[in-house]
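Next up, coords.cif (mmCIF, N, CA and C atoms):
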data_data
#
loop_
_atom_site.label_atom_id
_atom_site.label_comp_id
_atom_site.auth_asym_id
_atom_site.auth_seq_id
_atom_site.Cartn_x
_atom_site.Cartn_y
_atom_site.Cartn_z
N MET T 197 -3.06 -228.27 -4.09
CA MET T 197 -3.76 -228.10 -5.34
C MET T 197 -3.84 -226.63 -5.73
N SER T 198 -3.03 -225.80 -5.12
CA SER T 198 -3.06 -224.38 -5.43
C SER T 198 -2.27 -224.05 -6.69
N VAL T 199 -1.66 -225.02 -7.30
CA VAL T 199 -0.95 -224.80 -8.56
C VAL T 199 -1.98 -224.59 -9.66
N ASN T 200 -1.73 -223.61 -10.54
CA ASN T 200 -2.70 -223.26 -11.58
C ASN T 200 -3.20 -224.45 -12.38
N SER T 201 -2.30 -225.37 -12.74
CA SER T 201 -2.71 -226.50 -13.57
C SER T 201 -3.70 -227.42 -12.85
N ALA T 202 -3.70 -227.40 -11.52
CA ALA T 202 -4.60 -228.25 -10.75
C ALA T 202 -5.92 -227.56 -10.44
N ARG T 203 -6.00 -226.28 -10.73
CA ARG T 203 -7.22 -225.53 -10.45
C ARG T 203 -8.27 -225.88 -11.49
N PRO T 204 -9.54 -226.01 -11.07
CA PRO T 204 -10.59 -226.30 -12.05
C PRO T 204 -10.58 -225.25 -13.17
N PRO T 205 -10.76 -225.67 -14.43
CA PRO T 205 -10.68 -224.74 -15.56
C PRO T 205 -11.61 -223.52 -15.43
N ALA T 206 -12.84 -223.73 -14.96
CA ALA T 206 -13.77 -222.60 -14.84
C ALA T 206 -13.26 -221.59 -13.80
N LEU T 207 -12.69 -222.09 -12.72
CA LEU T 207 -12.16 -221.20 -11.69
C LEU T 207 -10.91 -220.47 -12.21
N ASP T 208 -10.09 -221.19 -12.94
CA ASP T 208 -8.89 -220.58 -13.52
C ASP T 208 -9.27 -219.44 -14.46
N LYS T 209 -10.31 -219.64 -15.25
CA LYS T 209 -10.79 -218.62 -16.18
C LYS T 209 -11.26 -217.37 -15.41
N ILE T 210 -11.96 -217.57 -14.31
CA ILE T 210 -12.43 -216.46 -13.49
C ILE T 210 -11.24 -215.70 -12.89
N VAL T 211 -10.27 -216.43 -12.36
CA VAL T 211 -9.08 -215.80 -11.77
C VAL T 211 -8.38 -214.95 -12.82
N LYS T 212 -8.21 -215.50 -14.02
CA LYS T 212 -7.54 -214.74 -15.09
C LYS T 212 -8.33 -213.51 -15.48
N ARG T 213 -9.65 -213.62 -15.49
CA ARG T 213 -10.50 -212.47 -15.80
C ARG T 213 -10.25 -211.34 -14.81
N PHE T 214 -10.22 -211.68 -13.52
CA PHE T 214 -9.98 -210.66 -12.49
C PHE T 214 -8.55 -210.12 -12.54
N GLN T 215 -7.59 -210.96 -12.92
CA GLN T 215 -6.20 -210.51 -13.01
C GLN T 215 -6.03 -209.42 -14.07
N ARG T 216 -6.86 -209.45 -15.10
CA ARG T 216 -6.77 -208.44 -16.16
C ARG T 216 -7.34 -207.09 -15.73
N ILE T 217 -8.08 -207.06 -14.63
CA ILE T 217 -8.71 -205.82 -14.16
C ILE T 217 -7.77 -205.14 -13.16
N GLN T 218 -7.31 -203.95 -13.52
CA GLN T 218 -6.38 -203.22 -12.66
C GLN T 218 -7.09 -202.36 -11.62
N ASP T 219 -8.24 -201.81 -11.98
CA ASP T 219 -8.96 -200.88 -11.12
C ASP T 219 -9.82 -201.64 -10.10
N PRO T 220 -9.60 -201.41 -8.78
CA PRO T 220 -10.40 -202.10 -7.76
C PRO T 220 -11.90 -201.88 -7.93
N ARG T 221 -12.29 -200.72 -8.40
CA ARG T 221 -13.71 -200.44 -8.63
C ARG T 221 -14.29 -201.36 -9.72
N ARG T 222 -13.51 -201.60 -10.75
CA ARG T 222 -13.94 -202.50 -11.83
C ARG T 222 -14.05 -203.94 -11.32
N ARG T 223 -13.21 -204.32 -10.36
CA ARG T 223 -13.31 -205.66 -9.77
C ARG T 223 -14.65 -205.81 -9.05
N TYR T 224 -15.05 -204.77 -8.32
CA TYR T 224 -16.36 -204.79 -7.66
C TYR T 224 -17.48 -204.87 -8.69
N GLU T 225 -17.34 -204.13 -9.78
CA GLU T 225 -18.35 -204.19 -10.84
C GLU T 225 -18.46 -205.60 -11.41
N GLN T 226 -17.31 -206.26 -11.57
CA GLN T 226 -17.29 -207.64 -12.06
C GLN T 226 -18.01 -208.56 -11.06
N LEU T 227 -17.76 -208.37 -9.77
CA LEU T 227 -18.45 -209.17 -8.75
C LEU T 227 -19.95 -208.95 -8.81
N LEU T 228 -20.37 -207.70 -8.99
CA LEU T 228 -21.80 -207.39 -9.08
C LEU T 228 -22.41 -208.04 -10.32
N TRP T 229 -21.63 -208.11 -11.40
CA TRP T 229 -22.09 -208.79 -12.62
C TRP T 229 -22.35 -210.27 -12.33
N TYR T 230 -21.44 -210.90 -11.58
CA TYR T 230 -21.66 -212.30 -11.18
C TYR T 230 -22.91 -212.43 -10.32
N ALA T 231 -23.09 -211.48 -9.40
CA ALA T 231 -24.27 -211.52 -8.51
C ALA T 231 -25.56 -211.48 -9.32
N LYS T 232 -25.61 -210.65 -10.36
CA LYS T 232 -26.81 -210.52 -11.19
C LYS T 232 -27.10 -211.81 -11.96
N ARG T 233 -26.06 -212.55 -12.29
CA ARG T 233 -26.22 -213.78 -13.07
C ARG T 233 -26.60 -214.99 -12.22
N LEU T 234 -26.53 -214.85 -10.91
CA LEU T 234 -26.81 -215.98 -10.03
C LEU T 234 -28.27 -216.42 -10.16
N GLU T 235 -28.45 -217.71 -10.33
CA GLU T 235 -29.80 -218.26 -10.45
C GLU T 235 -30.55 -218.10 -9.14
N GLY T 236 -31.86 -218.08 -9.25
CA GLY T 236 -32.71 -217.94 -8.06
C GLY T 236 -32.47 -219.06 -7.06
N PHE T 237 -32.66 -218.74 -5.81
CA PHE T 237 -32.47 -219.71 -4.73
C PHE T 237 -33.84 -220.00 -4.11
N PRO T 238 -34.19 -221.27 -3.90
CA PRO T 238 -35.50 -221.58 -3.32
C PRO T 238 -35.65 -221.02 -1.90
N GLU T 239 -36.71 -220.28 -1.69
CA GLU T 239 -36.97 -219.69 -0.37
C GLU T 239 -37.05 -220.74 0.73
N ASP T 240 -37.63 -221.90 0.41
CA ASP T 240 -37.78 -222.94 1.42
C ASP T 240 -36.45 -223.62 1.78
N ALA T 241 -35.38 -223.29 1.03
CA ALA T 241 -34.05 -223.84 1.34
C ALA T 241 -33.25 -222.89 2.23
N LYS T 242 -33.85 -221.76 2.57
CA LYS T 242 -33.16 -220.82 3.47
C LYS T 242 -33.39 -221.27 4.91
N THR T 243 -32.68 -222.34 5.23
CA THR T 243 -32.81 -223.00 6.54
C THR T 243 -31.48 -222.92 7.29
N PRO T 244 -31.51 -223.16 8.60
CA PRO T 244 -30.26 -223.11 9.38
C PRO T 244 -29.18 -224.05 8.86
N GLU T 245 -29.57 -225.24 8.33
CA GLU T 245 -28.53 -226.16 7.86
C GLU T 245 -27.89 -225.72 6.55
N ASN T 246 -28.52 -224.81 5.82
CA ASN T 246 -27.94 -224.29 4.58
C ASN T 246 -27.30 -222.92 4.75
N LYS T 247 -27.42 -222.36 5.95
CA LYS T 247 -26.86 -221.03 6.21
C LYS T 247 -25.37 -221.14 6.51
N VAL T 248 -24.60 -220.20 5.92
CA VAL T 248 -23.16 -220.16 6.16
C VAL T 248 -22.91 -219.48 7.50
N LYS T 249 -22.23 -220.18 8.37
CA LYS T 249 -21.90 -219.61 9.69
C LYS T 249 -20.69 -218.69 9.57
N GLY T 250 -20.70 -217.63 10.37
CA GLY T 250 -19.55 -216.74 10.39
C GLY T 250 -19.58 -215.64 9.36
N CYS T 251 -20.72 -215.43 8.72
CA CYS T 251 -20.87 -214.35 7.75
C CYS T 251 -21.74 -213.26 8.34
N VAL T 252 -21.35 -212.01 8.13
CA VAL T 252 -22.16 -210.89 8.58
C VAL T 252 -23.47 -210.87 7.77
N SER T 253 -23.35 -211.14 6.47
CA SER T 253 -24.52 -211.21 5.59
C SER T 253 -25.23 -212.54 5.79
N GLN T 254 -26.48 -212.60 5.33
CA GLN T 254 -27.21 -213.86 5.30
C GLN T 254 -26.79 -214.59 4.03
N VAL T 255 -26.14 -215.74 4.17
CA VAL T 255 -25.65 -216.50 3.02
C VAL T 255 -26.13 -217.94 3.16
N TYR T 256 -26.65 -218.47 2.05
CA TYR T 256 -27.14 -219.84 2.02
C TYR T 256 -26.50 -220.59 0.86
N ILE T 257 -26.14 -221.85 1.10
CA ILE T 257 -25.52 -222.70 0.09
C ILE T 257 -26.21 -224.06 0.09
N LEU T 258 -26.54 -224.54 -1.11
CA LEU T 258 -27.05 -225.89 -1.33
C LEU T 258 -26.08 -226.62 -2.24
N ALA T 259 -25.91 -227.90 -2.05
CA ALA T 259 -25.06 -228.71 -2.93
C ALA T 259 -25.80 -229.99 -3.31
N ASN T 260 -25.73 -230.32 -4.58
CA ASN T 260 -26.31 -231.56 -5.09
C ASN T 260 -25.31 -232.19 -6.05
N ALA T 261 -25.45 -233.48 -6.26
CA ALA T 261 -24.60 -234.17 -7.23
C ALA T 261 -25.38 -234.36 -8.53
N ASP T 262 -24.70 -234.18 -9.65
CA ASP T 262 -25.33 -234.45 -10.95
C ASP T 262 -25.22 -235.95 -11.26
N GLU T 263 -25.61 -236.34 -12.46
CA GLU T 263 -25.63 -237.77 -12.83
C GLU T 263 -24.25 -238.41 -12.74
N GLU T 264 -23.18 -237.63 -13.01
CA GLU T 264 -21.82 -238.16 -12.97
C GLU T 264 -21.21 -238.11 -11.57
N GLY T 265 -21.95 -237.57 -10.60
CA GLY T 265 -21.43 -237.45 -9.25
C GLY T 265 -20.67 -236.16 -8.99
N ASN T 266 -20.69 -235.25 -9.96
CA ASN T 266 -20.03 -233.95 -9.79
C ASN T 266 -20.94 -233.01 -9.02
N VAL T 267 -20.34 -232.02 -8.38
CA VAL T 267 -21.09 -231.12 -7.50
C VAL T 267 -21.68 -229.94 -8.27
N CYS T 268 -22.92 -229.63 -7.94
CA CYS T 268 -23.61 -228.45 -8.45
C CYS T 268 -24.11 -227.67 -7.22
N PHE T 269 -23.70 -226.42 -7.13
CA PHE T 269 -24.09 -225.60 -5.99
C PHE T 269 -25.17 -224.61 -6.38
N GLN T 270 -25.93 -224.20 -5.39
CA GLN T 270 -26.84 -223.07 -5.48
C GLN T 270 -26.55 -222.21 -4.26
N GLY T 271 -26.75 -220.90 -4.40
CA GLY T 271 -26.47 -220.04 -3.27
C GLY T 271 -27.19 -218.71 -3.37
N ASP T 272 -27.20 -218.00 -2.26
CA ASP T 272 -27.82 -216.69 -2.23
C ASP T 272 -27.25 -215.91 -1.05
N SER T 273 -27.33 -214.59 -1.16
CA SER T 273 -26.95 -213.70 -0.07
C SER T 273 -27.81 -212.45 -0.14
N ASP T 274 -27.99 -211.82 1.00
CA ASP T 274 -28.76 -210.58 1.04
C ASP T 274 -27.89 -209.35 0.74
N ALA T 275 -26.58 -209.53 0.59
CA ALA T 275 -25.67 -208.44 0.26
C ALA T 275 -25.09 -208.68 -1.14
N GLN T 276 -25.11 -207.69 -1.99
CA GLN T 276 -24.72 -207.86 -3.40
C GLN T 276 -23.26 -208.27 -3.58
N ILE T 277 -22.34 -207.67 -2.86
CA ILE T 277 -20.92 -208.05 -3.00
C ILE T 277 -20.74 -209.50 -2.57
N THR T 278 -21.34 -209.87 -1.46
CA THR T 278 -21.25 -211.25 -0.98
C THR T 278 -21.93 -212.19 -1.96
N LYS T 279 -23.05 -211.76 -2.51
CA LYS T 279 -23.74 -212.57 -3.52
C LYS T 279 -22.83 -212.79 -4.73
N GLY T 280 -22.05 -211.77 -5.08
CA GLY T 280 -21.08 -211.90 -6.17
C GLY T 280 -20.00 -212.91 -5.84
N LEU T 281 -19.54 -212.93 -4.61
CA LEU T 281 -18.55 -213.92 -4.18
C LEU T 281 -19.13 -215.33 -4.24
N VAL T 282 -20.38 -215.46 -3.80
CA VAL T 282 -21.07 -216.76 -3.87
C VAL T 282 -21.16 -217.20 -5.33
N ALA T 283 -21.58 -216.29 -6.20
CA ALA T 283 -21.74 -216.61 -7.62
C ALA T 283 -20.40 -216.98 -8.26
N LEU T 284 -19.34 -216.26 -7.90
CA LEU T 284 -18.01 -216.56 -8.41
C LEU T 284 -17.61 -217.99 -8.03
N LEU T 285 -17.82 -218.35 -6.78
CA LEU T 285 -17.49 -219.71 -6.32
C LEU T 285 -18.36 -220.76 -7.00
N ILE T 286 -19.65 -220.50 -7.12
CA ILE T 286 -20.55 -221.45 -7.77
C ILE T 286 -20.12 -221.68 -9.22
N GLU T 287 -19.83 -220.60 -9.91
CA GLU T 287 -19.38 -220.69 -11.31
C GLU T 287 -18.05 -221.43 -11.43
N GLY T 288 -17.13 -221.11 -10.53
CA GLY T 288 -15.79 -221.71 -10.60
C GLY T 288 -15.72 -223.16 -10.17
N LEU T 289 -16.68 -223.59 -9.34
CA LEU T 289 -16.62 -224.96 -8.80
C LEU T 289 -17.68 -225.89 -9.38
N LYS T 290 -18.45 -225.40 -10.33
CA LYS T 290 -19.55 -226.24 -10.83
C LYS T 290 -19.03 -227.41 -11.67
N GLY T 291 -19.73 -228.53 -11.48
CA GLY T 291 -19.48 -229.70 -12.31
C GLY T 291 -18.16 -230.40 -12.11
N ILE T 292 -17.55 -230.25 -10.94
CA ILE T 292 -16.32 -230.99 -10.68
C ILE T 292 -16.55 -231.97 -9.53
N PRO T 293 -15.72 -233.00 -9.45
CA PRO T 293 -15.92 -234.01 -8.40
C PRO T 293 -15.73 -233.42 -7.00
N PRO T 294 -16.47 -233.94 -6.02
CA PRO T 294 -16.36 -233.45 -4.64
C PRO T 294 -14.92 -233.47 -4.12
N HIS T 295 -14.19 -234.53 -4.45
CA HIS T 295 -12.82 -234.66 -3.96
C HIS T 295 -11.94 -233.49 -4.42
N ASP T 296 -12.14 -233.03 -5.65
CA ASP T 296 -11.36 -231.90 -6.18
C ASP T 296 -11.68 -230.61 -5.42
N ILE T 297 -12.92 -230.44 -5.03
CA ILE T 297 -13.33 -229.24 -4.28
C ILE T 297 -12.71 -229.28 -2.88
N VAL T 298 -12.74 -230.45 -2.26
CA VAL T 298 -12.19 -230.60 -0.92
C VAL T 298 -10.67 -230.34 -0.92
N GLN T 299 -9.99 -230.71 -1.99
CA GLN T 299 -8.53 -230.54 -2.08
C GLN T 299 -8.10 -229.10 -2.40
N LEU T 300 -9.01 -228.31 -2.92
CA LEU T 300 -8.69 -226.95 -3.36
C LEU T 300 -8.39 -226.03 -2.19
N GLU T 301 -7.38 -225.20 -2.35
CA GLU T 301 -7.04 -224.19 -1.34
C GLU T 301 -7.67 -222.87 -1.76
N PRO T 302 -8.12 -222.05 -0.80
CA PRO T 302 -8.77 -220.79 -1.15
C PRO T 302 -7.80 -219.66 -1.52
N ASP T 303 -6.51 -219.98 -1.67
CA ASP T 303 -5.53 -218.93 -1.96
C ASP T 303 -5.72 -218.27 -3.32
N PHE T 304 -6.53 -218.85 -4.18
CA PHE T 304 -6.78 -218.24 -5.49
C PHE T 304 -7.40 -216.86 -5.37
N ILE T 305 -8.05 -216.56 -4.24
CA ILE T 305 -8.67 -215.24 -4.04
C ILE T 305 -7.59 -214.15 -4.08
N LYS T 306 -6.39 -214.47 -3.62
CA LYS T 306 -5.29 -213.50 -3.66
C LYS T 306 -4.91 -213.17 -5.12
N GLU T 307 -4.96 -214.18 -5.97
CA GLU T 307 -4.62 -213.97 -7.38
C GLU T 307 -5.64 -213.08 -8.10
N THR T 308 -6.87 -213.06 -7.60
CA THR T 308 -7.89 -212.19 -8.21
C THR T 308 -7.69 -210.74 -7.76
N GLN T 309 -6.93 -210.55 -6.71
CA GLN T 309 -6.70 -209.25 -6.07
C GLN T 309 -7.97 -208.71 -5.40
N LEU T 310 -8.97 -209.55 -5.28
CA LEU T 310 -10.18 -209.15 -4.56
C LEU T 310 -9.92 -209.04 -3.07
N ASP T 311 -9.00 -209.86 -2.56
CA ASP T 311 -8.74 -209.86 -1.13
C ASP T 311 -8.29 -208.50 -0.61
N VAL T 312 -7.58 -207.72 -1.44
CA VAL T 312 -7.12 -206.40 -0.99
C VAL T 312 -8.25 -205.37 -1.03
N SER T 313 -9.28 -205.64 -1.82
CA SER T 313 -10.41 -204.72 -1.94
C SER T 313 -11.51 -205.01 -0.92
N LEU T 314 -11.57 -206.23 -0.45
CA LEU T 314 -12.65 -206.63 0.47
C LEU T 314 -12.38 -206.14 1.88
N THR T 315 -13.45 -205.78 2.58
CA THR T 315 -13.31 -205.46 4.00
C THR T 315 -12.92 -206.75 4.72
N PRO T 316 -12.29 -206.64 5.89
CA PRO T 316 -11.93 -207.87 6.62
C PRO T 316 -13.11 -208.80 6.87
N SER T 317 -14.30 -208.24 7.16
CA SER T 317 -15.45 -209.12 7.41
C SER T 317 -15.89 -209.83 6.13
N ARG T 318 -15.80 -209.15 4.98
CA ARG T 318 -16.16 -209.81 3.72
C ARG T 318 -15.13 -210.86 3.33
N ALA T 319 -13.84 -210.55 3.55
CA ALA T 319 -12.80 -211.53 3.26
C ALA T 319 -13.00 -212.77 4.13
N ASN T 320 -13.31 -212.57 5.39
CA ASN T 320 -13.59 -213.68 6.30
C ASN T 320 -14.83 -214.44 5.83
N GLY T 321 -15.83 -213.69 5.38
CA GLY T 321 -17.04 -214.31 4.85
C GLY T 321 -16.75 -215.19 3.65
N PHE T 322 -15.86 -214.69 2.76
CA PHE T 322 -15.48 -215.48 1.58
C PHE T 322 -14.93 -216.84 2.02
N TYR T 323 -14.01 -216.83 2.99
CA TYR T 323 -13.42 -218.09 3.45
C TYR T 323 -14.46 -218.99 4.10
N ASN T 324 -15.40 -218.41 4.83
CA ASN T 324 -16.47 -219.22 5.43
C ASN T 324 -17.38 -219.83 4.38
N ILE T 325 -17.68 -219.07 3.34
CA ILE T 325 -18.50 -219.59 2.23
C ILE T 325 -17.75 -220.74 1.55
N PHE T 326 -16.48 -220.53 1.26
CA PHE T 326 -15.65 -221.54 0.61
C PHE T 326 -15.59 -222.82 1.46
N LYS T 327 -15.34 -222.66 2.75
CA LYS T 327 -15.25 -223.83 3.64
C LYS T 327 -16.60 -224.56 3.72
N THR T 328 -17.69 -223.82 3.73
CA THR T 328 -19.02 -224.44 3.74
C THR T 328 -19.23 -225.25 2.47
N MET T 329 -18.81 -224.71 1.34
CA MET T 329 -18.94 -225.44 0.08
C MET T 329 -18.09 -226.71 0.10
N GLN T 330 -16.90 -226.62 0.68
CA GLN T 330 -16.06 -227.81 0.81
C GLN T 330 -16.73 -228.86 1.70
N GLN T 331 -17.31 -228.42 2.81
CA GLN T 331 -17.99 -229.35 3.73
C GLN T 331 -19.17 -230.03 3.04
N LYS T 332 -19.93 -229.26 2.26
CA LYS T 332 -21.08 -229.83 1.56
C LYS T 332 -20.62 -230.81 0.48
N ALA T 333 -19.50 -230.48 -0.19
CA ALA T 333 -18.94 -231.41 -1.19
C ALA T 333 -18.48 -232.70 -0.53
N MET T 334 -17.86 -232.57 0.63
CA MET T 334 -17.41 -233.75 1.38
C MET T 334 -18.59 -234.62 1.78
N ALA T 335 -19.67 -234.00 2.21
CA ALA T 335 -20.87 -234.75 2.59
C ALA T 335 -21.42 -235.50 1.39
N LEU T 336 -21.40 -234.88 0.20
CA LEU T 336 -21.87 -235.57 -1.00
C LEU T 336 -20.96 -236.75 -1.34
N ALA T 337 -19.68 -236.56 -1.16
CA ALA T 337 -18.71 -237.63 -1.46
C ALA T 337 -18.93 -238.83 -0.53
N ASN T 338 -19.36 -238.53 0.70
CA ASN T 338 -19.54 -239.61 1.69
C ASN T 338 -20.91 -240.28 1.60
N GLU T 339 -21.80 -239.77 0.76
CA GLU T 339 -23.14 -240.38 0.64
C GLU T 339 -23.10 -241.67 -0.14
#
Show me, as structure tokens, the structure contained in the file I just sent.
Amino acid sequence: MSVNSARPPALDKIVKRFQRIQDPRRRYEQLLWYAKRLEGFPEDAKTPENKVKGCVSQVYILANADEEGNVCFQGDSDAQITKGLVALLIEGLKGIPPHDIVQLEPDFIKETQLDVSLTPSRANGFYNIFKTMQQKAMALANE
């Protein structure tokens, strides 16, 4: 599902937005913009079962299904760049069926060129956040 036409439209729009940015510093600014737009995360949901494993930062992800059965995520991080990555994923994956999220490959991060700007631990964190979101989508699909 890594072909552009199979990518969720919101995620495709985000990838194209980052592709237009040539300066790595501006890419970070764009990530920080996403972080600022992230909705608040309930403090009582900052539990071990919602924590993303394998991240240096504290990252939490919640997933719920809307009326149509599509996935809606919430997330938070104590690090702004990581929070921006969480927000980017939440924005790009919102309102699509769990099966589509599970089928998606994380290779789109290369197209944003963020992978070359991220430290190895942040890049690894991105993949762990993405995999956690896929696992939560799968759990919703199986309910």
Applied to this file, what does the PyMOL selection byres ((chain T and resi 214-228) around 6.5) return in terms of residues, put as JSON, numbers by chain?
{"T": [209, 210, 211, 212, 213, 229, 230, 231, 232, 233, 276, 277, 279, 280, 281, 307, 308, 309, 313]}
Apply the PyMOL selection byres ((chain T and resi 268-273) around 6.5) to the displayed file and report the matching residues as a compact mmCIF listing (two decimals) with N, CA and C atoms, in the frame of the given file.
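Once written, out18.txt looks like this:
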# COMPACT_ATOMS: atom_id res chain seq x y z
N GLY T 236 -31.86 -218.08 -9.25
CA GLY T 236 -32.71 -217.94 -8.06
C GLY T 236 -32.47 -219.06 -7.06
N PHE T 237 -32.66 -218.74 -5.81
CA PHE T 237 -32.47 -219.71 -4.73
C PHE T 237 -33.84 -220.00 -4.11
N SER T 253 -23.35 -211.14 6.47
CA SER T 253 -24.52 -211.21 5.59
C SER T 253 -25.23 -212.54 5.79
N GLN T 254 -26.48 -212.60 5.33
CA GLN T 254 -27.21 -213.86 5.30
C GLN T 254 -26.79 -214.59 4.03
N VAL T 255 -26.14 -215.74 4.17
CA VAL T 255 -25.65 -216.50 3.02
C VAL T 255 -26.13 -217.94 3.16
N TYR T 256 -26.65 -218.47 2.05
CA TYR T 256 -27.14 -219.84 2.02
C TYR T 256 -26.50 -220.59 0.86
N ILE T 257 -26.14 -221.85 1.10
CA ILE T 257 -25.52 -222.70 0.09
C ILE T 257 -26.21 -224.06 0.09
N LEU T 258 -26.54 -224.54 -1.11
CA LEU T 258 -27.05 -225.89 -1.33
C LEU T 258 -26.08 -226.62 -2.24
N ALA T 259 -25.91 -227.90 -2.05
CA ALA T 259 -25.06 -228.71 -2.93
C ALA T 259 -25.80 -229.99 -3.31
N ASN T 260 -25.73 -230.32 -4.58
CA ASN T 260 -26.31 -231.56 -5.09
C ASN T 260 -25.31 -232.19 -6.05
N ALA T 261 -25.45 -233.48 -6.26
CA ALA T 261 -24.60 -234.17 -7.23
C ALA T 261 -25.38 -234.36 -8.53
N ASP T 262 -24.70 -234.18 -9.65
CA ASP T 262 -25.33 -234.45 -10.95
C ASP T 262 -25.22 -235.95 -11.26
N ASN T 266 -20.69 -235.25 -9.96
CA ASN T 266 -20.03 -233.95 -9.79
C ASN T 266 -20.94 -233.01 -9.02
N VAL T 267 -20.34 -232.02 -8.38
CA VAL T 267 -21.09 -231.12 -7.50
C VAL T 267 -21.68 -229.94 -8.27
N ASP T 274 -27.99 -211.82 1.00
CA ASP T 274 -28.76 -210.58 1.04
C ASP T 274 -27.89 -209.35 0.74
N ALA T 275 -26.58 -209.53 0.59
CA ALA T 275 -25.67 -208.44 0.26
C ALA T 275 -25.09 -208.68 -1.14
N GLN T 276 -25.11 -207.69 -1.99
CA GLN T 276 -24.72 -207.86 -3.40
C GLN T 276 -23.26 -208.27 -3.58
N THR T 278 -21.34 -209.87 -1.46
CA THR T 278 -21.25 -211.25 -0.98
C THR T 278 -21.93 -212.19 -1.96
N LYS T 279 -23.05 -211.76 -2.51
CA LYS T 279 -23.74 -212.57 -3.52
C LYS T 279 -22.83 -212.79 -4.73
N VAL T 282 -20.38 -215.46 -3.80
CA VAL T 282 -21.07 -216.76 -3.87
C VAL T 282 -21.16 -217.20 -5.33
N ILE T 286 -19.65 -220.50 -7.12
CA ILE T 286 -20.55 -221.45 -7.77
C ILE T 286 -20.12 -221.68 -9.22
N LEU T 289 -16.68 -223.59 -9.34
CA LEU T 289 -16.62 -224.96 -8.80
C LEU T 289 -17.68 -225.89 -9.38
N LYS T 290 -18.45 -225.40 -10.33
CA LYS T 290 -19.55 -226.24 -10.83
C LYS T 290 -19.03 -227.41 -11.67
N GLY T 291 -19.73 -228.53 -11.48
CA GLY T 291 -19.48 -229.70 -12.31
C GLY T 291 -18.16 -230.40 -12.11
N ILE T 292 -17.55 -230.25 -10.94
CA ILE T 292 -16.32 -230.99 -10.68
C ILE T 292 -16.55 -231.97 -9.53
To test your reading of the syntax: which residues would the PyMOL selection byres ((chain T and resi 293-300) around 7) return for the file shown? Reply as a PyMOL selection string.
chain T and resi 197-198+265-267+290-292+301-303+329-331+333-334+336-337
Take the residues from that selection and put them in a file with N, CA and C atoms, as a JSON list (two decimals), in the frame of the given file.
[["chain", "number", "residue", "atom", "x", "y", "z"],
["T", 197, "MET", "N", -3.06, -228.27, -4.09],
["T", 197, "MET", "CA", -3.76, -228.10, -5.34],
["T", 197, "MET", "C", -3.84, -226.63, -5.73],
["T", 198, "SER", "N", -3.03, -225.80, -5.12],
["T", 198, "SER", "CA", -3.06, -224.38, -5.43],
["T", 198, "SER", "C", -2.27, -224.05, -6.69],
["T", 265, "GLY", "N", -21.95, -237.57, -10.60],
["T", 265, "GLY", "CA", -21.43, -237.45, -9.25],
["T", 265, "GLY", "C", -20.67, -236.16, -8.99],
["T", 266, "ASN", "N", -20.69, -235.25, -9.96],
["T", 266, "ASN", "CA", -20.03, -233.95, -9.79],
["T", 266, "ASN", "C", -20.94, -233.01, -9.02],
["T", 267, "VAL", "N", -20.34, -232.02, -8.38],
["T", 267, "VAL", "CA", -21.09, -231.12, -7.50],
["T", 267, "VAL", "C", -21.68, -229.94, -8.27],
["T", 290, "LYS", "N", -18.45, -225.40, -10.33],
["T", 290, "LYS", "CA", -19.55, -226.24, -10.83],
["T", 290, "LYS", "C", -19.03, -227.41, -11.67],
["T", 291, "GLY", "N", -19.73, -228.53, -11.48],
["T", 291, "GLY", "CA", -19.48, -229.70, -12.31],
["T", 291, "GLY", "C", -18.16, -230.40, -12.11],
["T", 292, "ILE", "N", -17.55, -230.25, -10.94],
["T", 292, "ILE", "CA", -16.32, -230.99, -10.68],
["T", 292, "ILE", "C", -16.55, -231.97, -9.53],
["T", 301, "GLU", "N", -7.38, -225.20, -2.35],
["T", 301, "GLU", "CA", -7.04, -224.19, -1.34],
["T", 301, "GLU", "C", -7.67, -222.87, -1.76],
["T", 302, "PRO", "N", -8.12, -222.05, -0.80],
["T", 302, "PRO", "CA", -8.77, -220.79, -1.15],
["T", 302, "PRO", "C", -7.80, -219.66, -1.52],
["T", 303, "ASP", "N", -6.51, -219.98, -1.67],
["T", 303, "ASP", "CA", -5.53, -218.93, -1.96],
["T", 303, "ASP", "C", -5.72, -218.27, -3.32],
["T", 329, "MET", "N", -18.81, -224.71, 1.34],
["T", 329, "MET", "CA", -18.94, -225.44, 0.08],
["T", 329, "MET", "C", -18.09, -226.71, 0.10],
["T", 330, "GLN", "N", -16.90, -226.62, 0.68],
["T", 330, "GLN", "CA", -16.06, -227.81, 0.81],
["T", 330, "GLN", "C", -16.73, -228.86, 1.70],
["T", 331, "GLN", "N", -17.31, -228.42, 2.81],
["T", 331, "GLN", "CA", -17.99, -229.35, 3.73],
["T", 331, "GLN", "C", -19.17, -230.03, 3.04],
["T", 333, "ALA", "N", -19.50, -230.48, -0.19],
["T", 333, "ALA", "CA", -18.94, -231.41, -1.19],
["T", 333, "ALA", "C", -18.48, -232.70, -0.53],
["T", 334, "MET", "N", -17.86, -232.57, 0.63],
["T", 334, "MET", "CA", -17.41, -233.75, 1.38],
["T", 334, "MET", "C", -18.59, -234.62, 1.78],
["T", 336, "LEU", "N", -21.40, -234.88, 0.20],
["T", 336, "LEU", "CA", -21.87, -235.57, -1.00],
["T", 336, "LEU", "C", -20.96, -236.75, -1.34],
["T", 337, "ALA", "N", -19.68, -236.56, -1.16],
["T", 337, "ALA", "CA", -18.71, -237.63, -1.46],
["T", 337, "ALA", "C", -18.93, -238.83, -0.53]]
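Using only C-alpha atoms for every distance, the candidate list T:Arg318, T:Glu339, T:Ile305, T:Glu239 yields T:Ile305 as the residue closest to Leu285 of chain T.
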Excluding Gly288 of chain T and residues on its chain fewer than 3 positions from it, collect all residues at most 6 Å away from it, counting all atoms listed in the file, and give them as number ranges by chain.
T: 206-207, 283-285
DSSP alpha helix (DSSP H) residues within segment 215-328 of chain T, listed as a PyMOL selection string
chain T and resi 215+220-233+276-289+294-299+304-308+310-313+316-328
Box time for segment 315-328 of chain T: axis-aligned, enclosing all its listed atoms, 4 Å extra on each side; report centre and edge lengths in Å to one decimal, as AutoDock Vina command-line options.
--center_x -15.6 --center_y -215.4 --center_z 4.0 --size_x 15.3 --size_y 27.8 --size_z 14.8
